[in-house]
Amino acid sequence: MPEILEVEASRLLLERGALHRTVTAVDAPDAWYLKRGLTPGGLADALVGRRFVAARRRGKLLLLDTSRGGPVLGLHFGMTGRVFVDGRAAQDRLLYTSRRADPVWDRLTLHLGRASRMVVSDPRRLGGAELDPDEERLGVDALSLRAGDLARALHGSRAPLKAALLDQARIAGLGNLLVDEALWRAGLDPARRAASVDGDLRRRLLAALRGTLRELGRRGGSHTGDLMEARVRGGRCPRDGAALERRTIGGRTTFSCPAHQR
DNA sequence: ATTGTGGCCTGCCCGC
DNA sequence: TGCGGGCAGGCCACAA
């Protein structure tokens, strides 16, 4: 699933339910889902007989370390991917994908021990699995973002503020909904130049990002923001009632309030 | 190097 | 009820 909060919830699910049991079988019916030359056979060779010893995350990339010096299994979920452990997902509701769980969407199944199964389901096949992903291509994890990190992410960039925040090489984990929510809370125009956000504005943005992550995390996901309900055509700003503006910024559908986001 | 665009996939929802 | 169009929480290759 998409943004950092959902991936973190999935990481916890795997940490509690998928570690320390031997991978006994691998079922990868959709070879297209395997990236960077990985094949179903190669994946089985790499995993069968090993155990997952840690579930890590960097941004939206989920990382499973394996025993006996084996490779790292990297999972990314695109917009519609979810992971299940024994039929249970980290969240029952996922926007923009089906509520159903059709087995034909199971792109990867790992049998753990005698009776457990870990399944990656992804209707749109926009996610994928790989071995030993390049973790360094991702910037600082958004959940541990510090003032200096944000300064570096924005400094000198002529890109729109929103595009800079969505750039996973600068800050890893923020997605479209979280960024729209945080910029709405901070009162910042998503289209303004990233480098123009400095000083007090940058402090305000940092506080909004942290507050958004903390609060929406408690509420249960990226879709629980205060802006979310109004994030439709004809929506009005929940703060001041102004008609929301709908634009494409950074290649993504963007809702913002022309009255209080500057 | 940085930024912008199109495309990848498939399911769902809206309006006719 | 059926159908086409538009849309979608991500990311990558490519162009300018």
# chains A, B, ... in the order shown; residues from 1 in each chain; ligands from 1
$ select_by_dssp --residues "segment 47-207 of chain A" --states "alpha helix (DSSP H)" --output "short mmCIF file (atom, residue, chain, number, x, y, z; two decimals) with C-alpha atoms, in the first residue's frame"
data_model
loop_
_atom_site.label_atom_id
_atom_site.label_comp_id
_atom_site.auth_asym_id
_atom_site.auth_seq_id
_atom_site.Cartn_x
_atom_site.Cartn_y
_atom_site.Cartn_z
CA LEU A 47 14.63 -17.67 0.30
CA ALA A 147 15.14 20.26 10.57
CA GLY A 148 18.45 19.84 8.77
CA ASP A 149 17.03 17.11 6.56
CA LEU A 150 14.18 19.32 5.44
CA ALA A 151 16.55 22.20 4.80
CA ARG A 152 18.69 19.99 2.58
CA ALA A 153 15.66 18.62 0.77
CA LEU A 154 14.45 22.08 -0.21
CA LEU A 161 7.48 22.56 -3.19
CA LYS A 162 5.17 19.60 -3.54
CA ALA A 163 7.38 17.94 -6.15
CA ALA A 164 10.38 18.26 -3.87
CA LEU A 165 8.50 16.70 -0.97
CA LEU A 166 7.34 13.83 -3.16
CA ASN A 176 0.29 12.50 -2.57
CA LEU A 177 -2.27 12.52 0.22
CA LEU A 178 0.16 13.18 3.06
CA VAL A 179 1.79 16.04 1.21
CA ASP A 180 -1.50 17.69 0.30
CA GLU A 181 -2.60 17.41 3.93
CA ALA A 182 0.65 18.75 5.38
CA LEU A 183 0.81 21.70 2.97
CA TRP A 184 -2.81 22.50 3.70
CA ARG A 185 -2.06 22.46 7.42
CA ALA A 186 1.06 24.55 6.96
CA GLY A 199 13.21 30.25 8.01
CA ASP A 200 9.86 30.44 9.76
CA LEU A 201 8.05 28.94 6.80
CA ARG A 202 10.30 25.91 6.87
CA ARG A 203 9.81 25.50 10.59
CA ARG A 204 6.08 25.66 10.04
CA LEU A 205 6.33 23.05 7.30
CA LEU A 206 8.39 20.72 9.48
CA ALA A 207 5.84 20.99 12.26
#
$ interface_residues --of "chain B" --to "chain A" --cutoff "7 Å" --atoms "only C-alpha atoms (C1' of nucleotides)" --output "number ranges by chain"
B: 3, 9-11
$ closest_atom_pairs --of "chain C" --to "chain A" --cutoff "8 Å" --atoms "only C-alpha atoms (C1' of nucleotides)" --output "JSON lines"
{"residue": "C:DA8", "atom": "C1'", "partner": "A:Tyr96", "partner_atom": "CA", "distance": 5.4}
{"residue": "C:DG9", "atom": "C1'", "partner": "A:Pro2", "partner_atom": "CA", "distance": 4.9}
{"residue": "C:DG10", "atom": "C1'", "partner": "A:Gly78", "partner_atom": "CA", "distance": 4.6}
{"residue": "C:DC11", "atom": "C1'", "partner": "A:Gly78", "partner_atom": "CA", "distance": 7.4}
$ write_last_selection --atoms "C-alpha atoms (C1' of nucleotides)" --output "PDB file, in the first residue's frame"
ATOM      1  C1'  DA C   8      -6.569   6.440  -8.847  1.00  0.00           C
ATOM      2  C1'  DG C   9      -2.240   6.829  -2.151  1.00  0.00           C
ATOM      3  C1'  DG C  10       3.583   5.057  -7.055  1.00  0.00           C
ATOM      4  C1'  DC C  11       7.447   4.879  -9.703  1.00  0.00           C
TER       5       DC C  11
END
$ select_by_dssp --residues "segment 125-257 of chain A" --states "strand (DSSP E or B)" --output "VMD selection string"
chain A and resid 128 to 131 140 to 141 160 171 to 172 193 236 243 245 to 249 252 to 256
$ write_last_selection --atoms "C-alpha atoms" --output "tab-separated table (two decimals), in the first residue's frame"
chain	number	residue	atom	x	y	z
A	128	GLY	CA	7.11	-5.34	-7.11
A	129	ALA	CA	9.66	-7.49	-5.33
A	130	GLU	CA	13.42	-7.51	-5.67
A	131	LEU	CA	16.50	-8.80	-3.92
A	140	VAL	CA	15.96	10.34	4.83
A	141	ASP	CA	12.94	8.48	6.15
A	160	PRO	CA	7.52	23.11	-6.94
A	171	ILE	CA	12.67	12.51	1.64
A	172	ALA	CA	11.46	8.92	1.51
A	193	ARG	CA	9.33	27.06	-5.39
A	236	ARG	CA	-14.40	23.41	-0.11
A	243	ALA	CA	-13.44	26.63	-3.08
A	245	GLU	CA	-8.19	24.52	-6.29
A	246	ARG	CA	-7.52	21.34	-8.22
A	247	ARG	CA	-4.28	21.22	-10.19
A	248	THR	CA	-1.62	18.85	-11.39
A	249	ILE	CA	1.66	19.53	-9.59
A	252	ARG	CA	-0.01	14.40	-9.27
A	253	THR	CA	-3.55	15.58	-8.67
A	254	THR	CA	-3.30	18.35	-6.12
A	255	PHE	CA	-5.94	20.01	-3.99
A	256	SER	CA	-5.14	23.22	-2.17
$ residues_around --residues "DC14 of chain B" --least-positions-apart "3" --cutoff "12 Å" --atoms "only C-alpha atoms (C1' of nucleotides)" --output "list of chain:residue names"
C:DC3, C:DG4, C:DG5, C:DG6, C:DC7
$ write_last_selection --atoms "N, CA, C and O atoms (P, O5', C5', C4', C3', O3' and C1' of nucleotides)" --output "PDB file, in the first residue's frame"
ATOM      1  P    DC C   3     -21.984  -4.141 -22.336  1.00  0.00           P
ATOM      2  O5'  DC C   3     -21.577  -2.619 -22.427  1.00  0.00           O
ATOM      3  C5'  DC C   3     -22.251  -1.761 -23.344  1.00  0.00           C
ATOM      4  C4'  DC C   3     -21.534  -0.430 -23.368  1.00  0.00           C
ATOM      5  C3'  DC C   3     -20.008  -0.536 -23.340  1.00  0.00           C
ATOM      6  O3'  DC C   3     -19.447   0.328 -24.300  1.00  0.00           O
ATOM      7  C1'  DC C   3     -20.773   0.811 -21.531  1.00  0.00           C
ATOM      8  P    DG C   4     -17.905   0.184 -24.745  1.00  0.00           P
ATOM      9  O5'  DG C   4     -17.443   1.688 -24.580  1.00  0.00           O
ATOM     10  C5'  DG C   4     -18.321   2.740 -24.992  1.00  0.00           C
ATOM     11  C4'  DG C   4     -17.854   4.031 -24.370  1.00  0.00           C
ATOM     12  C3'  DG C   4     -16.340   4.211 -24.371  1.00  0.00           C
ATOM     13  O3'  DG C   4     -16.062   5.558 -24.731  1.00  0.00           O
ATOM     14  C1'  DG C   4     -17.160   4.293 -22.140  1.00  0.00           C
ATOM     15  P    DG C   5     -14.552   6.120 -24.832  1.00  0.00           P
ATOM     16  O5'  DG C   5     -14.481   7.014 -23.523  1.00  0.00           O
ATOM     17  C5'  DG C   5     -15.577   7.888 -23.230  1.00  0.00           C
ATOM     18  C4'  DG C   5     -15.276   8.655 -21.973  1.00  0.00           C
ATOM     19  C3'  DG C   5     -13.811   9.081 -21.829  1.00  0.00           C
ATOM     20  O3'  DG C   5     -13.780  10.393 -21.302  1.00  0.00           O
ATOM     21  C1'  DG C   5     -14.425   7.708 -19.992  1.00  0.00           C
ATOM     22  P    DG C   6     -12.381  11.176 -21.134  1.00  0.00           P
ATOM     23  O5'  DG C   6     -12.204  11.111 -19.558  1.00  0.00           O
ATOM     24  C5'  DG C   6     -13.286  11.498 -18.717  1.00  0.00           C
ATOM     25  C4'  DG C   6     -12.935  11.205 -17.286  1.00  0.00           C
ATOM     26  C3'  DG C   6     -11.490  11.555 -16.915  1.00  0.00           C
ATOM     27  O3'  DG C   6     -11.487  12.242 -15.681  1.00  0.00           O
ATOM     28  C1'  DG C   6     -11.948   9.308 -16.350  1.00  0.00           C
ATOM     29  P    DC C   7     -10.162  12.978 -15.213  1.00  0.00           P
ATOM     30  O5'  DC C   7      -9.820  12.210 -13.850  1.00  0.00           O
ATOM     31  C5'  DC C   7     -10.856  11.883 -12.932  1.00  0.00           C
ATOM     32  C4'  DC C   7     -10.416  10.718 -12.109  1.00  0.00           C
ATOM     33  C3'  DC C   7      -8.932  10.758 -11.731  1.00  0.00           C
ATOM     34  O3'  DC C   7      -8.785  11.168 -10.380  1.00  0.00           O
ATOM     35  C1'  DC C   7      -9.665   8.566 -12.362  1.00  0.00           C
TER      36       DC C   7
END
$ residues_around --residues "Pro71 of chain A" --least-positions-apart "3" --cutoff "8 Å" --atoms "only C-alpha atoms (C1' of nucleotides)" --output "list in words"
Ala46, Asp65, Thr66, Leu131 and Asp132 of chain A
$ write_last_selection --atoms "all heavy atoms" --output "compact mmCIF listing (two decimals), in the first residue's frame"
# COMPACT_ATOMS: atom_id res chain seq x y z
N ALA A 46 16.82 -18.19 -3.29
CA ALA A 46 17.34 -17.23 -2.32
C ALA A 46 16.66 -17.36 -0.96
O ALA A 46 17.28 -17.07 0.08
CB ALA A 46 17.17 -15.80 -2.85
N ASP A 65 15.20 -8.75 6.10
CA ASP A 65 16.53 -9.37 6.17
C ASP A 65 16.38 -10.86 6.37
O ASP A 65 15.50 -11.32 7.11
CB ASP A 65 17.32 -8.77 7.34
CG ASP A 65 17.61 -7.29 7.14
OD1 ASP A 65 17.72 -6.86 5.98
OD2 ASP A 65 17.72 -6.57 8.16
N THR A 66 17.26 -11.61 5.74
CA THR A 66 17.17 -13.07 5.84
C THR A 66 18.34 -13.64 6.62
O THR A 66 19.39 -13.00 6.76
CB THR A 66 17.13 -13.73 4.44
OG1 THR A 66 18.34 -13.41 3.75
CG2 THR A 66 15.95 -13.23 3.65
N LEU A 131 15.51 -8.40 -4.91
CA LEU A 131 16.50 -8.80 -3.92
C LEU A 131 17.56 -7.70 -3.80
O LEU A 131 17.96 -7.10 -4.79
CB LEU A 131 17.17 -10.12 -4.31
CG LEU A 131 16.26 -11.35 -4.26
CD1 LEU A 131 17.06 -12.60 -4.63
CD2 LEU A 131 15.60 -11.52 -2.91
N ASP A 132 18.00 -7.48 -2.56
CA ASP A 132 19.05 -6.50 -2.29
C ASP A 132 18.82 -5.17 -2.99
O ASP A 132 19.64 -4.71 -3.79
CB ASP A 132 20.42 -7.08 -2.71
CG ASP A 132 20.80 -8.28 -1.85
OD1 ASP A 132 20.51 -8.27 -0.64
OD2 ASP A 132 21.37 -9.24 -2.41
$ residues_around --residues "DG6 of chain B" --least-positions-apart "2" --cutoff "12 Å" --atoms "only C-alpha atoms (C1' of nucleotides)" --output "PyMOL selection string"
(chain A and resi 251) or (chain B and resi 4+8) or (chain C and resi 12-15)
$ atom_distance --atom1 "atom CA of Ala142 of chain A" --atom2 "atom CA of Gln261 of chain A"
22.0 Å
$ atom_distance --atom1 "atom CA of Ala115 of chain A" --atom2 "atom CA of Gly41 of chain A"
22.0 Å
$ atom_distance --atom1 "atom CA of Arg214 of chain A" --atom2 "atom CA of Ala89 of chain A"
20.9 Å
$ residues_around --residues "Gly221 of chain A" --least-positions-apart "2" --cutoff "9 Å" --atoms "only C-alpha atoms (C1' of nucleotides)" --output "list in words"
Glu3, Ile4, Leu5, Glu6, Ala9, Gln91, Leu213, Leu216, Gly217, Arg218, Arg219, His223, Thr224 and Gly225 of chain A
$ write_last_selection --atoms "all heavy atoms" --output "tab-separated table (two decimals), in the first residue's frame"
chain	number	residue	atom	x	y	z
A	3	GLU	N	1.38	4.94	1.11
A	3	GLU	CA	2.28	5.89	1.74
A	3	GLU	C	2.93	5.32	2.99
A	3	GLU	O	2.62	4.21	3.43
A	3	GLU	CB	1.53	7.20	2.01
A	3	GLU	CG	0.87	7.72	0.74
A	3	GLU	CD	0.37	9.14	0.86
A	3	GLU	OE1	0.99	9.92	1.56
A	3	GLU	OE2	-0.66	9.44	0.23
A	4	ILE	N	3.78	6.10	3.57
A	4	ILE	CA	4.66	5.60	4.61
A	4	ILE	C	3.90	5.02	5.81
A	4	ILE	O	4.33	4.03	6.41
A	4	ILE	CB	5.61	6.74	5.07
A	4	ILE	CG1	6.73	6.18	5.94
A	4	ILE	CG2	4.86	7.86	5.76
A	4	ILE	CD1	7.84	7.18	6.22
A	5	LEU	N	2.76	5.59	6.14
A	5	LEU	CA	2.03	5.11	7.31
A	5	LEU	C	1.53	3.68	7.10
A	5	LEU	O	1.57	2.85	8.00
A	5	LEU	CB	0.85	6.03	7.62
A	5	LEU	CG	1.22	7.47	7.98
A	5	LEU	CD1	-0.02	8.33	8.13
A	5	LEU	CD2	2.06	7.50	9.26
A	6	GLU	N	1.06	3.41	5.89
A	6	GLU	CA	0.57	2.07	5.59
A	6	GLU	C	1.71	1.07	5.51
A	6	GLU	O	1.58	-0.08	5.95
A	6	GLU	CB	-0.21	2.08	4.27
A	6	GLU	CG	-1.57	2.76	4.34
A	6	GLU	CD	-1.48	4.28	4.45
A	6	GLU	OE1	-0.48	4.85	3.98
A	6	GLU	OE2	-2.41	4.88	5.01
A	9	ALA	N	2.73	0.24	8.98
A	9	ALA	CA	1.79	-0.71	9.59
A	9	ALA	C	2.06	-2.13	9.07
A	9	ALA	O	1.99	-3.10	9.83
A	9	ALA	CB	0.35	-0.29	9.29
A	91	GLN	N	-4.21	-3.15	7.35
A	91	GLN	CA	-5.39	-2.29	7.33
A	91	GLN	C	-6.43	-2.93	6.43
A	91	GLN	O	-6.10	-3.48	5.39
A	91	GLN	CB	-5.07	-0.88	6.84
A	91	GLN	CG	-4.44	-0.84	5.48
A	91	GLN	CD	-2.99	-1.22	5.55
A	91	GLN	OE1	-2.25	-0.62	6.28
A	91	GLN	NE2	-2.59	-2.23	4.80
A	213	LEU	N	1.98	13.30	10.17
A	213	LEU	CA	2.38	11.90	10.27
A	213	LEU	C	1.91	11.30	11.61
A	213	LEU	O	1.40	10.18	11.66
A	213	LEU	CB	3.90	11.77	10.14
A	213	LEU	CG	4.44	12.03	8.72
A	213	LEU	CD1	5.95	12.18	8.74
A	213	LEU	CD2	4.03	10.90	7.78
A	216	LEU	N	-2.25	11.35	11.71
A	216	LEU	CA	-2.87	10.41	10.78
A	216	LEU	C	-2.43	8.98	11.09
A	216	LEU	O	-3.18	8.03	10.84
A	216	LEU	CB	-2.56	10.80	9.33
A	216	LEU	CG	-3.51	11.81	8.70
A	216	LEU	CD1	-3.66	13.06	9.55
A	216	LEU	CD2	-3.06	12.18	7.30
A	217	GLY	N	-1.24	8.86	11.61
A	217	GLY	CA	-0.79	7.53	12.05
A	217	GLY	C	-1.68	6.99	13.15
A	217	GLY	O	-2.08	5.83	13.14
A	218	ARG	N	-1.99	7.86	14.10
A	218	ARG	CA	-2.88	7.44	15.19
A	218	ARG	C	-4.27	7.12	14.67
A	218	ARG	O	-4.91	6.19	15.11
A	218	ARG	CB	-2.97	8.54	16.24
A	218	ARG	CG	-1.90	8.48	17.31
A	218	ARG	CD	-2.38	9.21	18.55
A	218	ARG	NE	-2.84	10.56	18.26
A	218	ARG	CZ	-2.10	11.66	18.44
A	218	ARG	NH1	-0.89	11.55	18.90
A	218	ARG	NH2	-2.59	12.84	18.17
A	219	ARG	N	-4.72	7.94	13.70
A	219	ARG	CA	-6.09	7.74	13.19
A	219	ARG	C	-6.21	6.49	12.32
A	219	ARG	O	-7.32	6.00	12.12
A	219	ARG	CB	-6.52	8.94	12.37
A	219	ARG	CG	-6.71	10.22	13.17
A	219	ARG	CD	-7.17	11.32	12.22
A	219	ARG	NE	-7.14	12.63	12.85
A	219	ARG	CZ	-7.32	13.76	12.17
A	219	ARG	NH1	-7.51	13.73	10.86
A	219	ARG	NH2	-7.28	14.92	12.79
A	223	HIS	N	-5.29	8.33	4.57
A	223	HIS	CA	-6.58	8.81	4.06
A	223	HIS	C	-7.42	9.45	5.16
A	223	HIS	O	-8.55	9.81	4.93
A	223	HIS	CB	-7.35	7.63	3.46
A	223	HIS	CG	-7.62	6.54	4.45
A	223	HIS	ND1	-6.63	5.65	4.81
A	223	HIS	CD2	-8.71	6.22	5.16
A	223	HIS	CE1	-7.13	4.83	5.70
A	223	HIS	NE2	-8.39	5.14	5.94
A	224	THR	N	-6.87	9.60	6.37
A	224	THR	CA	-7.67	10.11	7.49
A	224	THR	C	-7.41	11.59	7.77
A	224	THR	O	-7.75	12.08	8.84
A	224	THR	CB	-7.37	9.30	8.77
A	224	THR	OG1	-5.98	9.44	9.10
A	224	THR	CG2	-7.69	7.83	8.58
A	225	GLY	N	-6.83	12.28	6.80
A	225	GLY	CA	-6.52	13.69	7.00
A	225	GLY	C	-7.77	14.57	7.02
A	225	GLY	O	-8.83	14.19	6.54
